[in-house]
Amino acid sequence: MKKASNITEMSPLEIQLNALGQLPKSEVPPFLLTRIKARLEEKMEYVRPAIAWSAIAGVLILLAVNIIALRSQQHSDAEQIISTMHLNSSNSLYQ
Amino acid sequence: MNLEQLYKEHASMVYNLALNQTGNREDAEEITQDVFVKVYRSMEKFREEAQTGTWIYKIALNTCLDYHRAKKRKRRWGIFSSLFELDGEILPEQSINHPGLLLEGKEELARIYRHIQALPEKQKSALLLSKMEGKSQKEIARILNTSPKAVESLLQRAKANLANKLTQNEGLR
């Protein structure tokens with residue numbers, strides 16, 4: 001009795017919404033597990049982009065550091081030669 | 001627990017959730033696969049004290065939302081979009097191939113379902129979890145990481161919005 005009066009009090013929309021919950025459950029397609037396993041195997045061989053980009057960035061940073069270090073070493077070598085041979089680093093003859 | 005065991009216990013739940021959220025069999029299949037790939041990859045991180053079912057449910061729901069957002073982005077770039085864009089578009093009839101909604105005599109339900117899909121994301125999720133999944137407000141709050149009060153408000157707004165849209169578009173007494 002209580003249930004019947006509840007139904008009459010419910011709006012048509014509410015009744016329809018409740019009917020959505022009565023829809024039959026669907027069967028899971030049988031091939032899905034095979035597909036999931038196949039995808040997992042694919043993912044094992046695949047290198048994540050984040051890892052690849054980190055590796056590239058690391059190599060570039062290392063290169064940049066090496067270039068800077070080499071340049072500063074060349075500069076200091078030149079200065080050493082100039083000072084031991086008492087050379088003038090400037091092109092002007094008259095100071 | 002290995003993948004086969006998890007799949008055996010939870011595949012039906014995940015697939016039907018995806019089907020209810022998207023209304024489309026092909027999308028539901030894709031999402032189910034995505035979910036179990038994520039589950040398998042996160043199994044080590046998962047703390048066994050928490051309920052496995054709830055954990056998988058959350059992953060499934062988030063995957064559905066991500067899928068829906070990606071599809072929306074594709075549609076916006078792919079076609080000429082209207083100047084008067086709403087929160088969501090009312091799905092065309094042909095995009096729904098939920099087996100339950102294709103049954104004879106379910107045309108009115110299918111119409112309402114299409115309008116539910118046009119609701120704002122959180123309202124839609126809450127309403128579908130409540131009506132199609134039969135979840136309580138407390139359970140929905142746990143799944144959506146919010147409070148039961150917030151869920152109550154979401155459901156009220158969802159129903160009000162839905163009634164409005166139905167009256168505006170096609171008329172529902």
# chains A, B, ... in the order shown; residues from 1 in each chain; ligands from 1
$ residues_around --residues "Ile112 of chain B" --least-positions-apart "4" --cutoff "8 Å" --atoms "only C-alpha atoms" --output "short mmCIF file (atom, residue, chain, number, x, y, z; two decimals) with N, CA, C and O atoms, in the first residue's frame"
data_model
loop_
_atom_site.label_atom_id
_atom_site.label_comp_id
_atom_site.auth_asym_id
_atom_site.auth_seq_id
_atom_site.Cartn_x
_atom_site.Cartn_y
_atom_site.Cartn_z
N GLU B 108 11.09 6.10 -25.06
CA GLU B 108 11.00 7.23 -24.13
C GLU B 108 12.20 7.25 -23.19
O GLU B 108 12.80 8.30 -22.94
N ILE B 116 20.17 13.04 -20.52
CA ILE B 116 21.04 12.91 -19.34
C ILE B 116 22.49 13.09 -19.77
O ILE B 116 23.29 13.71 -19.07
N LEU B 166 14.05 18.65 -20.99
CA LEU B 166 13.01 17.82 -21.63
C LEU B 166 11.80 18.69 -21.98
O LEU B 166 11.23 18.55 -23.07
#
$ residues_around --residues "Glu107 of chain B" --least-positions-apart "6" --cutoff "12 Å" --atoms "only C-alpha atoms" --output "ChimeraX atom specification"
/A:16,20 /B:93,96,98,100-101,113-114
$ interface_residues --of "chain B" --to "chain A" --cutoff "6 Å" --atoms "only C-alpha atoms" --output "JSON, numbers by chain"
{"B": [12, 33, 100, 131, 132]}
$ write_last_selection --atoms "N, CA and C atoms" --output "PDB file, in the first residue's frame"
ATOM      1  N   SER B  12      32.235  -7.512 -15.573  1.00  0.00           N
ATOM      2  CA  SER B  12      30.825  -7.194 -15.821  1.00  0.00           C
ATOM      3  C   SER B  12      30.472  -5.828 -15.229  1.00  0.00           C
ATOM      4  N   GLN B  33      38.780  -2.172 -21.684  1.00  0.00           N
ATOM      5  CA  GLN B  33      40.170  -2.578 -21.921  1.00  0.00           C
ATOM      6  C   GLN B  33      41.123  -1.600 -21.227  1.00  0.00           C
ATOM      7  N   GLY B 100      20.082  -2.323 -23.719  1.00  0.00           N
ATOM      8  CA  GLY B 100      18.841  -2.164 -22.953  1.00  0.00           C
ATOM      9  C   GLY B 100      17.932  -1.096 -23.525  1.00  0.00           C
ATOM     10  N   LYS B 131      20.758   6.110 -10.500  1.00  0.00           N
ATOM     11  CA  LYS B 131      19.603   5.461 -11.133  1.00  0.00           C
ATOM     12  C   LYS B 131      19.955   4.183 -11.880  1.00  0.00           C
ATOM     13  N   MET B 132      21.067   4.197 -12.585  1.00  0.00           N
ATOM     14  CA  MET B 132      21.398   3.002 -13.384  1.00  0.00           C
ATOM     15  C   MET B 132      22.239   1.994 -12.612  1.00  0.00           C
TER      16      MET B 132
END
$ atom_distance --atom1 "atom CA of Glu133 of chain B" --atom2 "atom CA of Ala158 of chain B"
15.9 Å
$ select_by_dssp --residues "segment 63-92 of chain A" --states "helix (DSSP H, G or I)" --output "list in words"
Leu63, Ala64, Val65, Asn66, Ile67, Ile68, Ala69, Leu70, Arg71, Ser72, Gln73, Gln74, His75, Ser76, Asp77, Ala78, Glu79, Gln80, Ile81, Ile82, Ser83 and Thr84 of chain A
$ atom_distance --atom1 "atom CA of Ser72 of chain A" --atom2 "atom CA of Ser92 of chain A"
24.8 Å
$ residues_around --residues "Ser125 of chain B" --least-positions-apart "6" --cutoff "12 Å" --atoms "only C-alpha atoms" --output "count of residues only"
28
$ residues_around --residues "Asn2 of chain B" --least-positions-apart "5" --cutoff "12 Å" --atoms "only C-alpha atoms" --output "PyMOL selection string"
chain B and resi 7-9+36+39-44
